[in-house]
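Content type mmCIF, C-alpha atoms, from the file final.cif:
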data_work
loop_
_atom_site.label_atom_id
_atom_site.label_comp_id
_atom_site.auth_asym_id
_atom_site.auth_seq_id
_atom_site.Cartn_x
_atom_site.Cartn_y
_atom_site.Cartn_z
CA MET A 304 125.18 168.40 140.98
CA PRO A 305 124.66 171.30 138.58
CA PRO A 306 127.85 173.40 138.38
CA MET A 307 128.30 176.97 139.48
CA ALA A 308 125.42 177.44 141.86
CA SER A 309 125.57 180.62 143.90
CA VAL A 310 125.44 179.56 147.55
CA LEU A 311 125.10 181.59 150.75
CA VAL A 312 126.40 179.79 153.85
CA VAL A 313 125.00 181.18 157.11
CA GLU A 314 127.06 179.56 159.88
CA ASP A 315 128.74 181.06 162.94
CA ASP A 316 130.97 178.05 163.75
CA GLN A 317 134.20 178.90 161.96
CA PHE A 318 135.31 175.27 161.62
CA VAL A 319 132.00 174.13 160.07
CA ARG A 320 131.85 177.26 157.95
CA SER A 321 135.34 176.74 156.53
CA ALA A 322 134.60 173.08 155.77
CA LEU A 323 131.39 173.96 153.92
CA ILE A 324 133.11 176.71 151.93
CA ARG A 325 135.95 174.37 150.96
CA HIS A 326 133.61 171.58 149.87
CA LEU A 327 131.28 173.84 147.91
CA THR A 328 134.15 175.65 146.20
CA GLU A 329 135.76 172.34 145.22
CA ALA A 330 132.40 171.37 143.69
CA SER A 331 132.60 174.47 141.41
CA HIS A 332 130.06 176.58 143.28
CA THR A 333 130.48 180.25 144.09
CA VAL A 334 130.16 180.82 147.80
CA ARG A 335 129.54 183.77 150.07
CA SER A 336 129.40 183.23 153.82
CA VAL A 337 128.24 185.14 156.88
CA GLY A 338 128.01 184.37 160.58
CA THR A 339 124.84 186.17 161.65
CA ALA A 340 121.19 186.36 160.63
CA LEU A 341 121.27 190.10 159.99
CA GLU A 342 124.25 189.71 157.67
CA ALA A 343 122.34 186.98 155.84
CA LEU A 344 119.36 189.28 155.33
CA ARG A 345 121.62 191.97 153.92
CA GLU A 346 123.25 189.44 151.57
CA VAL A 347 119.99 188.17 150.07
CA ALA A 348 118.77 191.75 149.70
CA HIS A 349 121.80 192.70 147.58
CA PHE A 350 122.85 189.48 145.81
CA ARG A 351 121.10 186.70 143.94
CA PHE A 352 121.62 183.18 145.33
CA ASP A 353 120.52 179.79 144.06
CA VAL A 354 120.41 178.25 147.54
CA VAL A 355 120.95 179.26 151.17
CA ILE A 356 122.38 176.88 153.79
CA LEU A 357 121.09 178.25 157.10
CA ASP A 358 122.35 177.22 160.54
CA LEU A 359 119.81 177.59 163.34
CA GLY A 360 122.20 178.36 166.19
CA LEU A 361 123.12 181.91 165.22
CA PRO A 362 124.41 184.41 167.80
CA ASP A 363 122.11 187.34 167.02
CA LEU A 364 118.81 185.75 166.03
CA ASP A 365 117.39 182.25 166.19
CA GLY A 366 117.59 180.59 162.79
CA SER A 367 113.86 179.88 162.73
CA GLU A 368 113.16 183.61 163.06
CA ALA A 369 115.80 184.30 160.43
CA LEU A 370 114.02 181.86 158.11
CA LYS A 371 110.72 183.75 158.48
CA MET A 372 112.48 187.03 157.72
CA LEU A 373 114.23 185.53 154.69
CA ARG A 374 110.91 184.27 153.38
CA GLY A 375 109.57 187.80 153.64
CA ILE A 376 112.03 189.07 151.04
CA THR A 377 113.06 186.09 148.89
CA ASP A 378 111.84 182.76 147.54
CA VAL A 379 115.37 181.30 147.29
CA PRO A 380 115.55 177.61 148.33
CA VAL A 381 116.71 177.28 151.95
CA ILE A 382 118.31 174.16 153.44
CA ILE A 383 118.36 174.18 157.23
CA ALA A 384 121.47 172.81 158.95
CA THR A 385 120.74 172.07 162.58
CA ALA A 386 122.07 170.08 165.51
CA ARG A 387 118.52 169.91 166.87
CA ASP A 388 116.75 166.64 166.13
CA ASP A 389 113.29 167.62 167.32
CA GLU A 390 110.39 166.50 165.14
CA ALA A 391 108.07 169.33 166.19
CA GLU A 392 110.71 171.91 165.32
CA ILE A 393 111.44 170.29 161.95
CA VAL A 394 107.72 170.42 161.14
CA ARG A 395 107.64 174.10 162.15
CA LEU A 396 110.64 174.87 159.94
CA LEU A 397 108.98 173.23 156.95
CA ASN A 398 105.84 175.19 157.75
CA ASP A 399 107.84 178.41 157.80
CA GLY A 400 109.20 177.83 154.30
CA ALA A 401 112.31 175.66 154.57
CA ASP A 402 112.83 173.52 151.46
CA ASP A 403 114.84 170.84 153.25
CA TYR A 404 116.86 170.21 156.39
CA LEU A 405 119.97 168.34 157.50
CA THR A 406 120.74 167.23 161.04
CA LYS A 407 124.34 167.75 162.14
CA PRO A 408 126.71 166.06 161.81
CA PHE A 409 126.14 165.33 158.13
CA SER A 410 128.44 164.19 155.35
CA VAL A 411 129.37 166.31 152.35
CA GLU A 412 127.79 163.61 150.18
CA HIS A 413 124.49 164.02 152.01
CA LEU A 414 124.65 167.79 151.62
CA SER A 415 125.43 167.40 147.92
CA ALA A 416 122.41 165.15 147.39
CA ARG A 417 120.04 167.54 149.16
CA MET A 418 121.45 170.55 147.31
CA ALA A 419 121.11 168.76 143.99
CA ALA A 420 117.45 168.05 144.71
CA VAL A 421 116.49 171.62 145.60
CA LEU A 422 118.53 173.05 142.71
CA ARG A 423 116.91 170.68 140.20
CA ARG A 424 113.51 171.75 141.40
CA ALA A 425 114.28 175.46 141.42
CA ARG A 426 115.99 175.42 138.03
CA GLY A 427 113.31 173.21 136.54
CA THR A 428 110.64 175.67 137.62
CA ALA A 429 112.61 178.61 136.22
CA GLY A 430 113.84 176.94 133.04
CA GLU A 431 110.75 175.16 131.79
CA ALA A 432 107.97 177.06 130.05
CA PRO A 433 104.90 176.29 132.17
CA PRO A 434 101.67 175.34 130.44
CA SER A 435 99.52 178.32 129.52
CA ASP A 436 96.16 176.63 130.13
CA VAL A 437 94.41 177.59 133.34
CA LEU A 438 93.53 174.53 135.42
CA ARG A 439 90.03 174.50 136.90
CA VAL A 440 88.79 172.08 139.55
CA GLY A 441 85.48 173.08 141.08
CA GLY A 442 85.92 176.60 142.46
CA LEU A 443 89.69 176.36 142.12
CA SER A 444 91.46 178.18 139.29
CA ILE A 445 95.22 177.60 138.88
CA ASP A 446 97.26 179.59 136.35
CA PRO A 447 100.67 177.87 135.95
CA LEU A 448 102.04 180.65 133.72
CA ARG A 449 101.37 183.44 136.24
CA ARG A 450 101.77 181.06 139.20
CA GLN A 451 98.49 182.28 140.67
CA ALA A 452 95.68 180.31 142.26
CA ASP A 453 92.16 181.46 143.16
CA LEU A 454 89.43 179.79 145.20
CA ASP A 455 85.92 180.98 144.46
CA GLY A 456 87.36 184.18 142.99
CA ALA A 457 89.64 184.95 145.97
CA ARG A 458 93.43 184.87 145.50
CA LEU A 459 95.26 182.19 147.49
CA ASP A 460 98.51 183.22 149.19
CA LEU A 461 100.62 180.13 148.50
CA THR A 462 104.31 179.41 148.94
CA ARG A 463 106.25 178.16 145.92
CA ARG A 464 106.05 174.55 147.09
CA GLU A 465 102.36 174.77 148.00
CA PHE A 466 101.59 176.11 144.53
CA ASP A 467 103.65 173.37 142.85
CA LEU A 468 101.85 170.70 144.87
CA LEU A 469 98.39 172.13 144.12
CA ALA A 470 99.13 172.59 140.41
CA PHE A 471 100.50 169.06 140.07
CA LEU A 472 97.40 167.55 141.67
CA ALA A 473 95.08 169.87 139.70
CA GLY A 474 96.60 168.56 136.50
CA ARG A 475 95.35 165.10 137.50
CA PRO A 476 91.89 165.78 139.00
CA GLY A 477 90.28 162.75 140.62
CA VAL A 478 93.45 160.66 140.23
CA VAL A 479 95.09 159.22 143.34
CA VAL A 480 98.75 160.26 143.10
CA PRO A 481 101.16 158.04 145.09
CA ARG A 482 103.32 159.81 147.65
CA LYS A 483 106.44 158.48 145.94
CA GLU A 484 105.36 160.24 142.75
CA LEU A 485 104.74 163.49 144.64
CA LEU A 486 108.25 163.33 146.10
CA ALA A 487 109.73 162.69 142.66
CA GLU A 488 107.74 165.29 140.72
CA VAL A 489 107.12 168.09 143.22
CA TRP A 490 110.19 167.73 145.45
CA GLN A 491 112.51 166.20 142.83
CA GLN A 492 113.56 163.55 145.36
CA SER A 493 113.70 159.80 144.86
CA TYR A 494 113.57 159.28 148.62
CA GLY A 495 112.19 161.03 151.67
CA ASP A 496 109.61 160.68 154.41
CA ASP A 497 105.90 161.33 154.42
CA GLN A 498 106.28 164.11 156.99
CA THR A 499 107.36 166.61 154.34
CA ILE A 500 104.27 165.90 152.22
CA ASP A 501 101.94 165.88 155.23
CA VAL A 502 103.16 169.28 156.42
CA HIS A 503 102.57 170.92 153.05
CA LEU A 504 99.20 169.20 152.61
CA SER A 505 98.15 170.45 156.05
CA TRP A 506 99.02 174.04 155.20
CA LEU A 507 97.42 173.77 151.78
CA ARG A 508 94.23 172.44 153.35
CA ARG A 509 94.17 175.35 155.76
CA LYS A 510 94.37 177.82 152.89
CA LEU A 511 91.61 175.95 151.06
CA GLY A 512 89.43 176.25 154.16
CA GLU A 513 89.27 172.54 154.94
CA THR A 514 90.77 169.93 157.26
CA ALA A 515 91.92 166.33 156.90
CA ALA A 516 88.89 165.26 158.95
CA ARG A 517 86.51 167.27 156.74
CA PRO A 518 88.10 167.47 153.28
CA ARG A 519 86.56 169.29 150.35
CA TYR A 520 89.22 169.24 147.63
CA LEU A 521 92.19 167.33 149.04
CA HIS A 522 91.62 163.69 149.90
CA THR A 523 94.25 161.43 151.43
CA LEU A 524 93.97 157.68 150.98
CA ARG A 525 96.01 156.18 153.79
CA GLY A 526 98.88 154.10 152.50
CA VAL A 527 98.04 154.94 148.87
CA GLY A 528 98.31 158.62 147.99
CA VAL A 529 96.51 161.93 147.54
CA LYS A 530 93.90 163.19 145.10
CA LEU A 531 92.35 166.54 144.28
CA GLU A 532 88.75 166.64 143.16
CA PRO A 533 85.90 169.15 143.25
CA PRO A 534 83.52 168.98 146.20
CA PRO A 535 80.17 167.36 145.49
CA VAL A 536 77.43 169.65 144.23
CA GLU A 537 74.81 170.11 146.90
CA SER A 538 71.36 169.07 145.78
CA PRO A 539 68.63 171.70 146.16
CA LEU A 540 66.08 171.00 148.85
#
Using the file provided, produce a representation of the structure as C-alpha coordinates.
Amino acid sequence: MPPMASVLVVEDDQFVRSALIRHLTEASHTVRSVGTALEALREVAHFRFDVVILDLGLPDLDGSEALKMLRGITDVPVIIATARDDEAEIVRLLNDGADDYLTKPFSVEHLSARMAAVLRRARGTAGEAPPSDVLRVGGLSIDPLRRQADLDGARLDLTRREFDLLAFLAGRPGVVVPRKELLAEVWQQSYGDDQTIDVHLSWLRRKLGETAARPRYLHTLRGVGVKLEPPPVESPL
(Lines of atoms letter the chains of each structure in order from A and count residues from 1; the text may use other names and numbers.)
(Lines give C-alpha, C1' and ligand atoms only; values in the text may rest on other atoms or scores of the structure.)
Protein backbone atom coordinates (compact mmCIF):
# COMPACT_ATOMS: atom_id res chain seq x y z
CA MET A 1 0.00 0.00 0.00
CA PRO A 2 1.34 3.47 -0.79
CA PRO A 3 2.80 5.04 2.37
CA MET A 4 1.54 8.10 4.18
CA ALA A 5 -2.00 8.37 2.93
CA SER A 6 -4.14 10.85 4.81
CA VAL A 7 -7.15 8.92 6.10
CA LEU A 8 -10.35 10.09 7.79
CA VAL A 9 -12.06 7.38 9.86
CA VAL A 10 -15.75 8.08 10.51
CA GLU A 11 -16.83 5.50 13.11
CA ASP A 12 -18.81 5.90 16.34
CA ASP A 13 -17.93 2.48 17.83
CA GLN A 14 -14.91 3.27 19.98
CA PHE A 15 -13.51 -0.28 19.83
CA VAL A 16 -13.69 -0.47 16.02
CA ARG A 17 -12.43 3.09 15.72
CA SER A 18 -9.39 2.44 17.91
CA ALA A 19 -8.56 -0.76 15.99
CA LEU A 20 -8.73 1.05 12.64
CA ILE A 21 -6.59 3.93 13.90
CA ARG A 22 -3.98 1.52 15.27
CA HIS A 23 -3.82 -0.52 12.06
CA LEU A 24 -3.66 2.49 9.76
CA THR A 25 -1.03 4.23 11.89
CA GLU A 26 1.11 1.08 11.96
CA ALA A 27 0.87 1.06 8.15
CA SER A 28 2.44 4.57 8.08
CA HIS A 29 -0.74 6.48 7.31
CA THR A 30 -1.77 9.72 8.98
CA VAL A 31 -5.18 9.35 10.55
CA ARG A 32 -7.86 11.68 11.82
CA SER A 33 -11.05 10.22 13.28
CA VAL A 34 -14.53 11.43 14.18
CA GLY A 35 -17.67 9.77 15.49
CA THR A 36 -20.45 11.69 13.74
CA ALA A 37 -21.45 12.67 10.21
CA LEU A 38 -21.43 16.40 10.94
CA GLU A 39 -17.89 16.18 12.32
CA ALA A 40 -16.88 14.33 9.16
CA LEU A 41 -18.30 17.10 6.98
CA ARG A 42 -16.37 19.70 8.95
CA GLU A 43 -13.16 17.65 8.61
CA VAL A 44 -13.33 17.31 4.83
CA ALA A 45 -14.17 21.00 4.53
CA HIS A 46 -10.99 22.00 6.39
CA PHE A 47 -8.47 19.23 5.65
CA ARG A 48 -7.34 17.32 2.58
CA PHE A 49 -7.73 13.53 2.76
CA ASP A 50 -6.69 10.77 0.37
CA VAL A 51 -9.47 8.43 1.47
CA VAL A 52 -12.44 8.37 3.86
CA ILE A 53 -13.59 5.22 5.66
CA LEU A 54 -17.27 5.86 6.43
CA ASP A 55 -19.41 3.80 8.81
CA LEU A 56 -23.12 3.81 8.02
CA GLY A 57 -24.46 3.45 11.56
CA LEU A 58 -23.71 6.95 12.81
CA PRO A 59 -25.64 8.49 15.74
CA ASP A 60 -26.57 11.83 14.17
CA LEU A 61 -27.15 11.06 10.49
CA ASP A 62 -27.46 7.89 8.46
CA GLY A 63 -24.23 7.16 6.65
CA SER A 64 -25.94 7.05 3.26
CA GLU A 65 -27.14 10.63 3.78
CA ALA A 66 -23.68 11.57 5.00
CA LEU A 67 -22.23 10.11 1.79
CA LYS A 68 -24.49 12.31 -0.36
CA MET A 69 -23.45 15.37 1.63
CA LEU A 70 -19.77 14.46 1.36
CA ARG A 71 -20.13 14.09 -2.39
CA GLY A 72 -21.55 17.59 -2.51
CA ILE A 73 -18.30 19.11 -1.28
CA THR A 74 -15.50 16.66 -2.15
CA ASP A 75 -14.46 14.01 -4.67
CA VAL A 76 -12.25 12.16 -2.15
CA PRO A 77 -12.50 8.34 -2.46
CA VAL A 78 -14.94 6.91 0.09
CA ILE A 79 -14.93 3.32 1.33
CA ILE A 80 -18.14 2.35 3.12
CA ALA A 81 -17.83 0.13 6.19
CA THR A 82 -21.17 -1.39 7.05
CA ALA A 83 -22.70 -4.25 9.01
CA ARG A 84 -25.62 -4.23 6.56
CA ASP A 85 -25.39 -6.90 3.88
CA ASP A 86 -28.28 -5.75 1.73
CA GLU A 87 -27.71 -5.83 -2.03
CA ALA A 88 -30.20 -3.05 -2.79
CA GLU A 89 -28.52 -0.76 -0.28
CA ILE A 90 -25.05 -1.54 -1.62
CA VAL A 91 -26.25 -0.65 -5.12
CA ARG A 92 -27.70 2.61 -3.78
CA LEU A 93 -24.43 3.47 -2.04
CA LEU A 94 -22.47 2.92 -5.25
CA ASN A 95 -25.02 5.06 -7.05
CA ASP A 96 -24.55 7.81 -4.49
CA GLY A 97 -20.80 7.96 -5.08
CA ALA A 98 -19.14 5.35 -2.87
CA ASP A 99 -15.91 4.04 -4.40
CA ASP A 100 -16.01 0.72 -2.56
CA TYR A 101 -17.58 -1.00 0.43
CA LEU A 102 -16.67 -3.54 3.11
CA THR A 103 -19.13 -5.62 5.10
CA LYS A 104 -18.34 -5.94 8.80
CA PRO A 105 -16.61 -7.83 10.24
CA PHE A 106 -13.65 -7.49 7.88
CA SER A 107 -9.96 -8.21 8.27
CA VAL A 108 -7.26 -5.55 8.23
CA GLU A 109 -5.80 -7.33 5.20
CA HIS A 110 -9.08 -6.92 3.33
CA LEU A 111 -9.24 -3.24 4.26
CA SER A 112 -5.63 -2.78 3.14
CA ALA A 113 -6.36 -4.34 -0.26
CA ARG A 114 -9.42 -2.16 -0.85
CA MET A 115 -7.59 0.98 0.28
CA ALA A 116 -4.66 0.18 -1.99
CA ALA A 117 -7.01 -0.14 -4.96
CA VAL A 118 -8.79 3.19 -4.46
CA LEU A 119 -5.53 4.99 -3.67
CA ARG A 120 -3.84 3.61 -6.81
CA ARG A 121 -6.74 4.84 -8.88
CA ALA A 122 -6.93 8.26 -7.26
CA ARG A 123 -3.17 8.84 -7.37
CA GLY A 124 -2.92 7.51 -10.89
CA THR A 125 -5.55 9.98 -12.04
CA ALA A 126 -3.82 12.85 -10.25
CA GLY A 127 -0.24 11.89 -11.09
CA GLU A 128 -0.46 10.99 -14.75
CA ALA A 129 -0.66 13.66 -17.43
CA PRO A 130 -3.89 12.84 -19.26
CA PRO A 131 -3.90 12.87 -23.04
CA SER A 132 -4.65 16.26 -24.54
CA ASP A 133 -6.60 15.00 -27.55
CA VAL A 134 -10.36 15.35 -27.32
CA LEU A 135 -12.11 12.03 -27.91
CA ARG A 136 -15.13 12.14 -30.21
CA VAL A 137 -17.64 9.33 -30.69
CA GLY A 138 -20.75 10.39 -32.55
CA GLY A 139 -22.24 13.32 -30.64
CA LEU A 140 -20.02 12.62 -27.64
CA SER A 141 -16.99 14.82 -26.97
CA ILE A 142 -14.67 13.81 -24.10
CA ASP A 143 -11.79 16.05 -23.01
CA PRO A 144 -9.47 14.01 -20.73
CA LEU A 145 -7.31 17.03 -19.87
CA ARG A 146 -10.21 19.14 -18.56
CA ARG A 147 -12.17 16.05 -17.49
CA GLN A 148 -15.25 17.32 -19.29
CA ALA A 149 -17.72 15.46 -21.46
CA ASP A 150 -20.43 16.85 -23.76
CA LEU A 151 -23.28 15.13 -25.57
CA ASP A 152 -24.61 16.99 -28.60
CA GLY A 153 -23.12 20.21 -27.22
CA ALA A 154 -24.62 19.83 -23.71
CA ARG A 155 -22.30 19.31 -20.73
CA LEU A 156 -22.67 15.97 -18.94
CA ASP A 157 -22.64 16.03 -15.14
CA LEU A 158 -20.52 12.94 -14.45
CA THR A 159 -18.93 11.59 -11.29
CA ARG A 160 -15.20 10.88 -11.35
CA ARG A 161 -15.75 7.16 -11.91
CA GLU A 162 -18.41 7.69 -14.58
CA PHE A 163 -16.05 9.98 -16.47
CA ASP A 164 -13.17 7.49 -16.19
CA LEU A 165 -15.39 4.69 -17.49
CA LEU A 166 -16.71 6.77 -20.41
CA ALA A 167 -13.25 8.05 -21.36
CA PHE A 168 -11.74 4.56 -21.25
CA LEU A 169 -14.42 3.17 -23.55
CA ALA A 170 -14.27 6.24 -25.82
CA GLY A 171 -10.58 5.59 -26.33
CA ARG A 172 -11.54 2.22 -27.83
CA PRO A 173 -14.66 2.99 -29.92
CA GLY A 174 -16.39 -0.07 -31.32
CA VAL A 175 -14.15 -2.44 -29.34
CA VAL A 176 -15.75 -4.86 -26.89
CA VAL A 177 -13.87 -4.36 -23.62
CA PRO A 178 -14.01 -7.35 -21.23
CA ARG A 179 -15.37 -6.65 -17.76
CA LYS A 180 -12.15 -7.94 -16.23
CA GLU A 181 -10.24 -5.27 -18.16
CA LEU A 182 -12.66 -2.57 -16.99
CA LEU A 183 -12.11 -3.62 -13.37
CA ALA A 184 -8.34 -3.57 -13.85
CA GLU A 185 -8.08 -0.29 -15.76
CA VAL A 186 -10.95 1.84 -14.43
CA TRP A 187 -11.25 0.46 -10.89
CA GLN A 188 -7.61 -0.68 -10.50
CA GLN A 189 -8.84 -4.02 -9.13
CA SER A 190 -7.78 -7.49 -10.21
CA TYR A 191 -10.97 -8.93 -8.73
CA GLY A 192 -14.52 -7.85 -8.06
CA ASP A 193 -18.10 -8.50 -9.09
CA ASP A 194 -20.07 -7.32 -12.08
CA GLN A 195 -22.48 -5.39 -9.87
CA THR A 196 -20.06 -2.48 -9.52
CA ILE A 197 -19.70 -2.15 -13.30
CA ASP A 198 -23.44 -2.59 -13.92
CA VAL A 199 -24.35 0.16 -11.46
CA HIS A 200 -22.03 2.68 -13.08
CA LEU A 201 -23.09 1.65 -16.59
CA SER A 202 -26.73 2.12 -15.59
CA TRP A 203 -26.11 5.64 -14.31
CA LEU A 204 -23.96 6.51 -17.31
CA ARG A 205 -26.70 5.30 -19.65
CA ARG A 206 -29.23 7.47 -17.85
CA LYS A 207 -27.06 10.54 -18.35
CA LEU A 208 -26.60 9.64 -22.02
CA GLY A 209 -30.38 9.45 -22.39
CA GLU A 210 -30.57 5.73 -23.12
CA THR A 211 -31.39 2.42 -21.45
CA ALA A 212 -29.96 -1.10 -21.57
CA ALA A 213 -33.07 -2.19 -23.48
CA ARG A 214 -32.69 0.65 -25.99
CA PRO A 215 -28.98 1.49 -26.17
CA ARG A 216 -27.54 4.22 -28.36
CA TYR A 217 -23.87 4.48 -27.36
CA LEU A 218 -23.29 1.84 -24.67
CA HIS A 219 -23.76 -1.77 -25.70
CA THR A 220 -23.39 -4.72 -23.34
CA LEU A 221 -22.59 -8.14 -24.75
CA ARG A 222 -23.73 -10.59 -22.11
CA GLY A 223 -20.87 -12.68 -20.79
CA VAL A 224 -18.34 -10.82 -22.95
CA GLY A 225 -18.01 -7.11 -22.17
CA VAL A 226 -19.03 -3.57 -23.06
CA LYS A 227 -18.45 -1.35 -26.08
CA LEU A 228 -19.04 2.29 -26.91
CA GLU A 229 -19.91 3.21 -30.47
CA PRO A 230 -21.80 6.01 -32.21
CA PRO A 231 -25.48 5.45 -32.93
CA PRO A 232 -26.32 4.59 -36.52
CA VAL A 233 -26.97 7.50 -38.84
CA GLU A 234 -30.63 7.65 -39.73
CA SER A 235 -31.25 7.46 -43.45
CA PRO A 236 -33.35 10.28 -44.92
CA LEU A 237 -36.81 9.30 -46.05
Shortest interatomic distance to Val379 in chain A - which of A:Ser309, A:Gln498, A:Ser505, A:Thr514, counting only C-alpha atoms: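 Among the listed residues, the smallest separation from Val379 in chain A belongs to A:Ser309.
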For Leu361 in chain A, please output as a ChimeraX atom specification all residues within 9 Å (counting all atoms listed in the file; exclusion window: fewer than 3 positions along the same chain). /A:313-316,338-340,358,364-366
Please measure the separation of CA of Val529 in chain A and CA of Arg449 in chain A, giving the value in Å to one decimal.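 One can read the CA of Val529 in chain A to CA of Arg449 in chain A distance as 24.8 Å.
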Can you spell out as a VMD selection string the set of residues that the PyMOL selection byres ((chain A and resi 403) around 10) selects in the structure I just provided? chain A and resid 356 380 to 384 393 396 to 397 400 to 402 404 to 405 417 to 418 420 to 421 490 499
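Going from CA of Glu346 in chain A over to CA of Arg325 in chain A, you cover 19.7 Å.
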Distance CA of Leu359 in chain A-CA of Ala386 in chain A, one decimal place?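 We find that CA of Leu359 in chain A and CA of Ala386 in chain A lie 8.1 Å from each other.
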For this structure, which residues satisfy the selection - the PyMOL selection byres ((chain A and resi 373) around 10) - when it is evaluated on the file as given? I want them as a PyMOL selection string. chain A and resi 340-341+343-345+347-348+355+367-372+374-379+381+400
Residue neighbourhood Arg482 in chain A, 8 Å, all atoms listed in the file, exclusion window fewer than 6 positions, as a CSV table (one decimal) with C-alpha atoms, in the coordinates of the input:
chain,number,residue,atom,x,y,z
A,497,ASP,CA,105.9,161.3,154.4
A,500,ILE,CA,104.3,165.9,152.2
A,527,VAL,CA,98.0,154.9,148.9
A,528,GLY,CA,98.3,158.6,148.0
A,529,VAL,CA,96.5,161.9,147.5
Determine the residue set returned by the PyMOL selection byres ((chain A and resi 457-470) around 8) for the present structure, and present it as a PDB file with C-alpha atoms, in the coordinates of the input.
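File produced: part_4.pdb:
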ATOM      1  CA  ASP A 378     111.840 182.760 147.540  1.00  0.00           C
ATOM      2  CA  GLY A 400     109.200 177.830 154.300  1.00  0.00           C
ATOM      3  CA  LEU A 438      93.530 174.530 135.420  1.00  0.00           C
ATOM      4  CA  ILE A 445      95.220 177.600 138.880  1.00  0.00           C
ATOM      5  CA  PRO A 447     100.670 177.870 135.950  1.00  0.00           C
ATOM      6  CA  ARG A 450     101.770 181.060 139.200  1.00  0.00           C
ATOM      7  CA  GLN A 451      98.490 182.280 140.670  1.00  0.00           C
ATOM      8  CA  ALA A 452      95.680 180.310 142.260  1.00  0.00           C
ATOM      9  CA  ASP A 453      92.160 181.460 143.160  1.00  0.00           C
ATOM     10  CA  LEU A 454      89.430 179.790 145.200  1.00  0.00           C
ATOM     11  CA  ASP A 455      85.920 180.980 144.460  1.00  0.00           C
ATOM     12  CA  GLY A 456      87.360 184.180 142.990  1.00  0.00           C
ATOM     13  CA  PHE A 471     100.500 169.060 140.070  1.00  0.00           C
ATOM     14  CA  LEU A 472      97.400 167.550 141.670  1.00  0.00           C
ATOM     15  CA  ALA A 473      95.080 169.870 139.700  1.00  0.00           C
ATOM     16  CA  GLY A 474      96.600 168.560 136.500  1.00  0.00           C
ATOM     17  CA  LEU A 485     104.740 163.490 144.640  1.00  0.00           C
ATOM     18  CA  VAL A 489     107.120 168.090 143.220  1.00  0.00           C
ATOM     19  CA  HIS A 503     102.570 170.920 153.050  1.00  0.00           C
ATOM     20  CA  LEU A 504      99.200 169.200 152.610  1.00  0.00           C
ATOM     21  CA  TRP A 506      99.020 174.040 155.200  1.00  0.00           C
ATOM     22  CA  LEU A 507      97.420 173.770 151.780  1.00  0.00           C
ATOM     23  CA  LYS A 510      94.370 177.820 152.890  1.00  0.00           C
TER      24      LYS A 510
END
Counting only C-alpha atoms, which residues sit no farther than 8 Å from the position (92.8, 162.2, 146.0) in the file's frame? I'd like them as a count of residues only. 14
Considering all atoms listed in the file, state which residue in the set A:Ser410, A:Ser444, A:Asn398, A:Ser331 is at the smallest distance from Val319 in chain A.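 With all atoms listed in the file as the atom set, the closest residue is A:Ser410.
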